[in-house]
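Student: Just one file: data_37.pdb, with PDB, N, CA and C atoms and all ligand atoms.
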```pdb
ATOM      1  N   MET A   1      -3.441  -1.431   0.906  1.00  0.00           N
ATOM      2  CA  MET A   1      -4.237  -2.656   0.889  1.00  0.00           C
ATOM      3  C   MET A   1      -4.391  -3.151  -0.541  1.00  0.00           C
ATOM      4  N   ASN A   2      -4.148  -4.414  -0.728  1.00  0.00           N
ATOM      5  CA  ASN A   2      -4.321  -4.978  -2.061  1.00  0.00           C
ATOM      6  C   ASN A   2      -5.796  -5.062  -2.435  1.00  0.00           C
ATOM      7  N   ARG A   3      -6.043  -4.736  -3.678  1.00  0.00           N
ATOM      8  CA  ARG A   3      -7.399  -4.832  -4.202  1.00  0.00           C
ATOM      9  C   ARG A   3      -7.347  -5.629  -5.489  1.00  0.00           C
ATOM     10  N   LEU A   4      -8.432  -6.354  -5.742  1.00  0.00           N
ATOM     11  CA  LEU A   4      -8.529  -7.087  -7.000  1.00  0.00           C
ATOM     12  C   LEU A   4      -9.011  -6.181  -8.124  1.00  0.00           C
ATOM     13  N   LEU A   5      -9.923  -5.290  -7.776  1.00  0.00           N
ATOM     14  CA  LEU A   5     -10.583  -4.478  -8.788  1.00  0.00           C
ATOM     15  C   LEU A   5     -10.299  -3.012  -8.530  1.00  0.00           C
ATOM     16  N   PRO A   6     -10.367  -2.181  -9.570  1.00  0.00           N
ATOM     17  CA  PRO A   6     -10.190  -0.737  -9.377  1.00  0.00           C
ATOM     18  C   PRO A   6     -11.244  -0.182  -8.426  1.00  0.00           C
ATOM     19  N   ASP A   7     -10.869   0.907  -7.738  1.00  0.00           N
ATOM     20  CA  ASP A   7     -11.812   1.558  -6.833  1.00  0.00           C
ATOM     21  C   ASP A   7     -13.101   1.899  -7.575  1.00  0.00           C
ATOM     22  N   GLY A   8     -14.201   1.642  -6.943  1.00  0.00           N
ATOM     23  CA  GLY A   8     -15.478   2.038  -7.504  1.00  0.00           C
ATOM     24  C   GLY A   8     -16.176   0.944  -8.289  1.00  0.00           C
ATOM     25  N   LEU A   9     -15.390  -0.005  -8.808  1.00  0.00           N
ATOM     26  CA  LEU A   9     -16.014  -1.041  -9.634  1.00  0.00           C
ATOM     27  C   LEU A   9     -16.827  -2.010  -8.782  1.00  0.00           C
ATOM     28  N   LEU A  10     -16.247  -2.428  -7.684  1.00  0.00           N
ATOM     29  CA  LEU A  10     -16.940  -3.400  -6.845  1.00  0.00           C
ATOM     30  C   LEU A  10     -18.270  -2.840  -6.340  1.00  0.00           C
ATOM     31  N   GLU A  11     -18.256  -1.528  -6.076  1.00  0.00           N
ATOM     32  CA  GLU A  11     -19.442  -0.915  -5.483  1.00  0.00           C
ATOM     33  C   GLU A  11     -20.645  -0.934  -6.427  1.00  0.00           C
ATOM     34  N   ILE A  12     -20.380  -0.980  -7.733  1.00  0.00           N
ATOM     35  CA  ILE A  12     -21.497  -0.949  -8.679  1.00  0.00           C
ATOM     36  C   ILE A  12     -21.855  -2.335  -9.178  1.00  0.00           C
ATOM     37  N   MET A  13     -21.140  -3.340  -8.703  1.00  0.00           N
ATOM     38  CA  MET A  13     -21.431  -4.700  -9.136  1.00  0.00           C
ATOM     39  C   MET A  13     -22.332  -5.381  -8.118  1.00  0.00           C
ATOM     40  N   GLN A  14     -23.086  -6.342  -8.616  1.00  0.00           N
ATOM     41  CA  GLN A  14     -23.882  -7.153  -7.700  1.00  0.00           C
ATOM     42  C   GLN A  14     -23.902  -8.581  -8.199  1.00  0.00           C
ATOM     43  N   CYS A  15     -24.235  -9.483  -7.310  1.00  0.00           N
ATOM     44  CA  CYS A  15     -24.272 -10.892  -7.638  1.00  0.00           C
ATOM     45  C   CYS A  15     -25.326 -11.145  -8.715  1.00  0.00           C
ATOM     46  N   PRO A  16     -24.933 -11.754  -9.840  1.00  0.00           N
ATOM     47  CA  PRO A  16     -25.930 -12.002 -10.883  1.00  0.00           C
ATOM     48  C   PRO A  16     -26.976 -13.035 -10.480  1.00  0.00           C
ATOM     49  N   ARG A  17     -26.694 -13.805  -9.484  1.00  0.00           N
ATOM     50  CA  ARG A  17     -27.667 -14.813  -9.052  1.00  0.00           C
ATOM     51  C   ARG A  17     -28.731 -14.232  -8.133  1.00  0.00           C
ATOM     52  N   CYS A  18     -28.314 -13.394  -7.181  1.00  0.00           N
ATOM     53  CA  CYS A  18     -29.271 -12.947  -6.171  1.00  0.00           C
ATOM     54  C   CYS A  18     -29.312 -11.434  -6.016  1.00  0.00           C
ATOM     55  N   GLY A  19     -28.414 -10.716  -6.691  1.00  0.00           N
ATOM     56  CA  GLY A  19     -28.397  -9.270  -6.555  1.00  0.00           C
ATOM     57  C   GLY A  19     -27.732  -8.789  -5.283  1.00  0.00           C
ATOM     58  N   GLY A  20     -27.063  -9.710  -4.570  1.00  0.00           N
ATOM     59  CA  GLY A  20     -26.443  -9.359  -3.297  1.00  0.00           C
ATOM     60  C   GLY A  20     -25.137  -8.618  -3.476  1.00  0.00           C
ATOM     61  N   LEU A  21     -24.628  -8.119  -2.378  1.00  0.00           N
ATOM     62  CA  LEU A  21     -23.357  -7.408  -2.380  1.00  0.00           C
ATOM     63  C   LEU A  21     -22.200  -8.384  -2.533  1.00  0.00           C
ATOM     64  N   LEU A  22     -21.182  -7.932  -3.256  1.00  0.00           N
ATOM     65  CA  LEU A  22     -19.986  -8.735  -3.456  1.00  0.00           C
ATOM     66  C   LEU A  22     -18.839  -8.150  -2.649  1.00  0.00           C
ATOM     67  N   VAL A  23     -18.011  -9.026  -2.118  1.00  0.00           N
ATOM     68  CA  VAL A  23     -16.789  -8.600  -1.437  1.00  0.00           C
ATOM     69  C   VAL A  23     -15.615  -9.315  -2.093  1.00  0.00           C
ATOM     70  N   GLU A  24     -14.442  -8.693  -1.977  1.00  0.00           N
ATOM     71  CA  GLU A  24     -13.248  -9.279  -2.563  1.00  0.00           C
ATOM     72  C   GLU A  24     -12.614 -10.282  -1.608  1.00  0.00           C
ATOM     73  N   ASP A  25     -12.204 -11.408  -2.158  1.00  0.00           N
ATOM     74  CA  ASP A  25     -11.323 -12.329  -1.445  1.00  0.00           C
ATOM     75  C   ASP A  25      -9.996 -12.280  -2.179  1.00  0.00           C
ATOM     76  N   VAL A  26      -9.129 -11.373  -1.694  1.00  0.00           N
ATOM     77  CA  VAL A  26      -7.886 -11.099  -2.422  1.00  0.00           C
ATOM     78  C   VAL A  26      -7.007 -12.337  -2.462  1.00  0.00           C
ATOM     79  N   ALA A  27      -6.940 -13.072  -1.365  1.00  0.00           N
ATOM     80  CA  ALA A  27      -6.071 -14.249  -1.301  1.00  0.00           C
ATOM     81  C   ALA A  27      -6.478 -15.295  -2.331  1.00  0.00           C
ATOM     82  N   ALA A  28      -7.770 -15.414  -2.561  1.00  0.00           N
ATOM     83  CA  ALA A  28      -8.269 -16.436  -3.487  1.00  0.00           C
ATOM     84  C   ALA A  28      -8.516 -15.883  -4.888  1.00  0.00           C
ATOM     85  N   SER A  29      -8.312 -14.568  -5.075  1.00  0.00           N
ATOM     86  CA  SER A  29      -8.630 -13.914  -6.347  1.00  0.00           C
ATOM     87  C   SER A  29     -10.060 -14.218  -6.778  1.00  0.00           C
ATOM     88  N   GLN A  30     -10.968 -14.014  -5.839  1.00  0.00           N
ATOM     89  CA  GLN A  30     -12.378 -14.261  -6.122  1.00  0.00           C
ATOM     90  C   GLN A  30     -13.217 -13.131  -5.550  1.00  0.00           C
ATOM     91  N   LEU A  31     -14.401 -12.959  -6.146  1.00  0.00           N
ATOM     92  CA  LEU A  31     -15.435 -12.157  -5.517  1.00  0.00           C
ATOM     93  C   LEU A  31     -16.384 -13.111  -4.812  1.00  0.00           C
ATOM     94  N   HIS A  32     -16.884 -12.675  -3.690  1.00  0.00           N
ATOM     95  CA  HIS A  32     -17.687 -13.532  -2.830  1.00  0.00           C
ATOM     96  C   HIS A  32     -18.994 -12.811  -2.530  1.00  0.00           C
ATOM     97  N   CYS A  33     -20.103 -13.431  -2.880  1.00  0.00           N
ATOM     98  CA  CYS A  33     -21.406 -12.845  -2.560  1.00  0.00           C
ATOM     99  C   CYS A  33     -21.712 -13.092  -1.093  1.00  0.00           C
ATOM    100  N   ILE A  34     -21.978 -12.001  -0.362  1.00  0.00           N
ATOM    101  CA  ILE A  34     -22.213 -12.172   1.067  1.00  0.00           C
ATOM    102  C   ILE A  34     -23.628 -12.657   1.350  1.00  0.00           C
ATOM    103  N   ASP A  35     -24.480 -12.645   0.342  1.00  0.00           N
ATOM    104  CA  ASP A  35     -25.855 -13.096   0.565  1.00  0.00           C
ATOM    105  C   ASP A  35     -26.023 -14.580   0.263  1.00  0.00           C
ATOM    106  N   CYS A  36     -25.612 -15.020  -0.926  1.00  0.00           N
ATOM    107  CA  CYS A  36     -25.848 -16.420  -1.295  1.00  0.00           C
ATOM    108  C   CYS A  36     -24.578 -17.255  -1.233  1.00  0.00           C
ATOM    109  N   GLY A  37     -23.417 -16.624  -1.062  1.00  0.00           N
ATOM    110  CA  GLY A  37     -22.185 -17.378  -0.891  1.00  0.00           C
ATOM    111  C   GLY A  37     -21.510 -17.815  -2.175  1.00  0.00           C
ATOM    112  N   THR A  38     -22.108 -17.493  -3.308  1.00  0.00           N
ATOM    113  CA  THR A  38     -21.486 -17.846  -4.571  1.00  0.00           C
ATOM    114  C   THR A  38     -20.187 -17.066  -4.759  1.00  0.00           C
ATOM    115  N   ARG A  39     -19.183 -17.739  -5.336  1.00  0.00           N
ATOM    116  CA  ARG A  39     -17.900 -17.083  -5.605  1.00  0.00           C
ATOM    117  C   ARG A  39     -17.690 -16.984  -7.106  1.00  0.00           C
ATOM    118  N   TYR A  40     -17.031 -15.893  -7.509  1.00  0.00           N
ATOM    119  CA  TYR A  40     -16.737 -15.659  -8.915  1.00  0.00           C
ATOM    120  C   TYR A  40     -15.252 -15.394  -9.057  1.00  0.00           C
ATOM    121  N   PRO A  41     -14.596 -16.067  -9.996  1.00  0.00           N
ATOM    122  CA  PRO A  41     -13.157 -15.867 -10.153  1.00  0.00           C
ATOM    123  C   PRO A  41     -12.832 -14.504 -10.765  1.00  0.00           C
ATOM    124  N   VAL A  42     -11.696 -13.947 -10.377  1.00  0.00           N
ATOM    125  CA  VAL A  42     -11.176 -12.715 -10.967  1.00  0.00           C
ATOM    126  C   VAL A  42      -9.867 -13.059 -11.655  1.00  0.00           C
ATOM    127  N   GLU A  43      -9.826 -12.803 -12.949  1.00  0.00           N
ATOM    128  CA  GLU A  43      -8.646 -13.140 -13.739  1.00  0.00           C
ATOM    129  C   GLU A  43      -8.060 -11.866 -14.325  1.00  0.00           C
ATOM    130  N   ASP A  44      -6.826 -11.542 -13.941  1.00  0.00           N
ATOM    131  CA  ASP A  44      -6.146 -10.341 -14.431  1.00  0.00           C
ATOM    132  C   ASP A  44      -6.986  -9.093 -14.211  1.00  0.00           C
ATOM    133  N   GLY A  45      -7.634  -9.016 -13.048  1.00  0.00           N
ATOM    134  CA  GLY A  45      -8.390  -7.830 -12.699  1.00  0.00           C
ATOM    135  C   GLY A  45      -9.778  -7.769 -13.302  1.00  0.00           C
ATOM    136  N   ILE A  46     -10.163  -8.828 -14.017  1.00  0.00           N
ATOM    137  CA  ILE A  46     -11.475  -8.832 -14.660  1.00  0.00           C
ATOM    138  C   ILE A  46     -12.325  -9.923 -14.025  1.00  0.00           C
ATOM    139  N   PRO A  47     -13.398  -9.537 -13.349  1.00  0.00           N
ATOM    140  CA  PRO A  47     -14.247 -10.555 -12.731  1.00  0.00           C
ATOM    141  C   PRO A  47     -15.034 -11.320 -13.777  1.00  0.00           C
ATOM    142  N   ASN A  48     -15.062 -12.620 -13.635  1.00  0.00           N
ATOM    143  CA  ASN A  48     -15.831 -13.476 -14.534  1.00  0.00           C
ATOM    144  C   ASN A  48     -17.152 -13.798 -13.848  1.00  0.00           C
ATOM    145  N   MET A  49     -18.201 -13.113 -14.281  1.00  0.00           N
ATOM    146  CA  MET A  49     -19.491 -13.241 -13.619  1.00  0.00           C
ATOM    147  C   MET A  49     -20.412 -14.222 -14.346  1.00  0.00           C
ATOM    148  N   LEU A  50     -19.884 -14.947 -15.320  1.00  0.00           N
ATOM    149  CA  LEU A  50     -20.712 -15.918 -16.027  1.00  0.00           C
ATOM    150  C   LEU A  50     -21.115 -17.047 -15.087  1.00  0.00           C
ATOM    151  N   ASP A  51     -22.321 -17.529 -15.290  1.00  0.00           N
ATOM    152  CA  ASP A  51     -22.798 -18.587 -14.404  1.00  0.00           C
ATOM    153  C   ASP A  51     -21.932 -19.839 -14.537  1.00  0.00           C
ATOM    154  N   ASP A  52     -21.383 -20.049 -15.735  1.00  0.00           N
ATOM    155  CA  ASP A  52     -20.500 -21.203 -15.940  1.00  0.00           C
ATOM    156  C   ASP A  52     -19.276 -21.148 -15.033  1.00  0.00           C
ATOM    157  N   ALA A  53     -18.832 -19.931 -14.720  1.00  0.00           N
ATOM    158  CA  ALA A  53     -17.614 -19.766 -13.927  1.00  0.00           C
ATOM    159  C   ALA A  53     -17.896 -19.691 -12.438  1.00  0.00           C
ATOM    160  N   ALA A  54     -19.154 -19.509 -12.084  1.00  0.00           N
ATOM    161  CA  ALA A  54     -19.506 -19.330 -10.671  1.00  0.00           C
ATOM    162  C   ALA A  54     -19.190 -20.593  -9.878  1.00  0.00           C
ATOM    163  N   ILE A  55     -18.722 -20.363  -8.673  1.00  0.00           N
ATOM    164  CA  ILE A  55     -18.384 -21.467  -7.775  1.00  0.00           C
ATOM    165  C   ILE A  55     -19.455 -21.521  -6.700  1.00  0.00           C
ATOM    166  N   ASP A  56     -20.156 -22.618  -6.635  1.00  0.00           N
ATOM    167  CA  ASP A  56     -21.248 -22.740  -5.673  1.00  0.00           C
ATOM    168  C   ASP A  56     -20.709 -22.692  -4.250  1.00  0.00           C
ATOM    169  N   PRO A  57     -21.511 -22.158  -3.343  1.00  0.00           N
ATOM    170  CA  PRO A  57     -21.077 -22.129  -1.941  1.00  0.00           C
ATOM    171  C   PRO A  57     -20.923 -23.547  -1.390  1.00  0.00           C
ATOM    172  N   ASP A  58     -19.940 -23.680  -0.528  1.00  0.00           N
ATOM    173  CA  ASP A  58     -19.705 -24.976   0.101  1.00  0.00           C
ATOM    174  C   ASP A  58     -20.736 -25.191   1.207  1.00  0.00           C
ATOM    175  N   PRO A  59     -21.582 -26.196   1.084  1.00  0.00           N
ATOM    176  CA  PRO A  59     -22.633 -26.364   2.087  1.00  0.00           C
ATOM    177  C   PRO A  59     -22.103 -26.747   3.464  1.00  0.00           C
ATOM    178  N   ASP A  60     -20.839 -27.175   3.519  1.00  0.00           N
ATOM    179  CA  ASP A  60     -20.267 -27.567   4.798  1.00  0.00           C
ATOM    180  C   ASP A  60     -19.688 -26.388   5.566  1.00  0.00           C
ATOM    181  N   ARG A  61     -19.626 -25.229   4.895  1.00  0.00           N
ATOM    182  CA  ARG A  61     -19.087 -24.038   5.545  1.00  0.00           C
ATOM    183  C   ARG A  61     -20.122 -22.950   5.534  1.00  0.00           C
ATOM    184  N   SER A  62     -20.079 -22.089   6.498  1.00  0.00           N
ATOM    185  CA  SER A  62     -21.026 -20.986   6.495  1.00  0.00           C
ATOM    186  C   SER A  62     -20.292 -19.683   6.777  1.00  0.00           C
TER     187      SER A  62
HETATM  188 ZN    ZN A 101     -25.520 -13.945  -4.504  1.00  0.00          ZN
END
```
As structure tokens, please, write out the structure in this file.
Ligand SMILES: [Zn+2]
Tutor:
Amino acid sequence: MNRLLPDGLLEIMQCPRCGGLLVEDVAASQLHCIDCGTRYPVEDGIPNMLDDAAIDPDPDRS
């Protein structure tokens, strides 16, 4: 199974906005907060968790 991040890294990370759990969206190369829906880009295996880089959840999708 393809992974964006090394084993163990995702498990210790949390959403900087809400503290929620993050899941990988391998196809989109993003991390996705399952609580607030914010997405964070992953570039070359390094998640960009800066608020400037965060992608707001699409209000038309749930
Ligand atoms: Zn969140």
Student: Between CA of Leu9 in chain A and atom N of Asp60 in chain A, what is the distance, to one decimal in Å?
Tutor: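 Separation between CA of Leu9 in chain A and atom N of Asp60 in chain A: 29.7 Å.
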Student: Mind checking DSSP for chain A and telling me the strand (DSSP E or B) residues as an NGL selection string?
Tutor: :A and (22-25 or 30-33 or 39-43 or 46-47 or 55)
Student: Can you tell me, as a PyMOL selection string, which residues in chain A count as helix (DSSP H, G or I) by DSSP?
Tutor: chain A and resi 9-12
Student: Please give me, as a list in words, the residues lying within 6 Å of ligand ZN 101 (chain A) when counting all atoms listed in the file.
Tutor: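 What falls inside 6 Å of ligand ZN 101 (chain A) is Cys15, Pro16, Arg17, Cys18, Gly19, Gly20, Cys33, Ile34, Asp35, Cys36, Gly37 and Thr38 of chain A.
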Student: Hey, could you pull the box centre and edge lengths for range 10-21 of chain A, axis-aligned, 5 Å padding per side, all listed atoms, to one decimal in Å, as JSON?
Tutor:
```
{"center_x": -22.8, "center_y": -7.9, "center_z": -6.6, "size_x": 23.1, "size_y": 23.9, "size_z": 18.5}
```
Student: Please enumerate the residues selected by the PyMOL selection byres (((chain A and resi 42) around 8) and not hetatm) when evaluated against the supplied file, formatted as an mmCIF file with N, CA and C atoms, in the coordinates of the input.
Tutor:
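So result_4.cif came out as:
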```cif
data_model
loop_
_atom_site.group_PDB
_atom_site.id
_atom_site.type_symbol
_atom_site.label_atom_id
_atom_site.label_comp_id
_atom_site.auth_asym_id
_atom_site.auth_seq_id
_atom_site.Cartn_x
_atom_site.Cartn_y
_atom_site.Cartn_z
ATOM 1 N N LEU A 4 -8.432 -6.354 -5.742
ATOM 2 C CA LEU A 4 -8.529 -7.087 -7.000
ATOM 3 C C LEU A 4 -9.011 -6.181 -8.124
ATOM 4 N N ALA A 28 -7.770 -15.414 -2.561
ATOM 5 C CA ALA A 28 -8.269 -16.436 -3.487
ATOM 6 C C ALA A 28 -8.516 -15.883 -4.888
ATOM 7 N N SER A 29 -8.312 -14.568 -5.075
ATOM 8 C CA SER A 29 -8.630 -13.914 -6.347
ATOM 9 C C SER A 29 -10.060 -14.218 -6.778
ATOM 10 N N GLN A 30 -10.968 -14.014 -5.839
ATOM 11 C CA GLN A 30 -12.378 -14.261 -6.122
ATOM 12 C C GLN A 30 -13.217 -13.131 -5.550
ATOM 13 N N LEU A 31 -14.401 -12.959 -6.146
ATOM 14 C CA LEU A 31 -15.435 -12.157 -5.517
ATOM 15 C C LEU A 31 -16.384 -13.111 -4.812
ATOM 16 N N ARG A 39 -19.183 -17.739 -5.336
ATOM 17 C CA ARG A 39 -17.900 -17.083 -5.605
ATOM 18 C C ARG A 39 -17.690 -16.984 -7.106
ATOM 19 N N TYR A 40 -17.031 -15.893 -7.509
ATOM 20 C CA TYR A 40 -16.737 -15.659 -8.915
ATOM 21 C C TYR A 40 -15.252 -15.394 -9.057
ATOM 22 N N PRO A 41 -14.596 -16.067 -9.996
ATOM 23 C CA PRO A 41 -13.157 -15.867 -10.153
ATOM 24 C C PRO A 41 -12.832 -14.504 -10.765
ATOM 25 N N GLU A 43 -9.826 -12.803 -12.949
ATOM 26 C CA GLU A 43 -8.646 -13.140 -13.739
ATOM 27 C C GLU A 43 -8.060 -11.866 -14.325
ATOM 28 N N ASP A 44 -6.826 -11.542 -13.941
ATOM 29 C CA ASP A 44 -6.146 -10.341 -14.431
ATOM 30 C C ASP A 44 -6.986 -9.093 -14.211
ATOM 31 N N GLY A 45 -7.634 -9.016 -13.048
ATOM 32 C CA GLY A 45 -8.390 -7.830 -12.699
ATOM 33 C C GLY A 45 -9.778 -7.769 -13.302
ATOM 34 N N ILE A 46 -10.163 -8.828 -14.017
ATOM 35 C CA ILE A 46 -11.475 -8.832 -14.660
ATOM 36 C C ILE A 46 -12.325 -9.923 -14.025
ATOM 37 N N PRO A 47 -13.398 -9.537 -13.349
ATOM 38 C CA PRO A 47 -14.247 -10.555 -12.731
ATOM 39 C C PRO A 47 -15.034 -11.320 -13.777
ATOM 40 N N ASN A 48 -15.062 -12.620 -13.635
ATOM 41 C CA ASN A 48 -15.831 -13.476 -14.534
ATOM 42 C C ASN A 48 -17.152 -13.798 -13.848
ATOM 43 N N MET A 49 -18.201 -13.113 -14.281
ATOM 44 C CA MET A 49 -19.491 -13.241 -13.619
ATOM 45 C C MET A 49 -20.412 -14.222 -14.346
#
```
Student: Could you tell me how far atom C of Ile55 in chain A lies from atom N of Asp25 in chain A, in Å and to one decimal?
Tutor: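 Interatomic distance here is 13.2 Å.
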Student: Do you have the CA of Val26 in chain A-CA of Pro57 in chain A distance handy?
Tutor: 17.2 Å
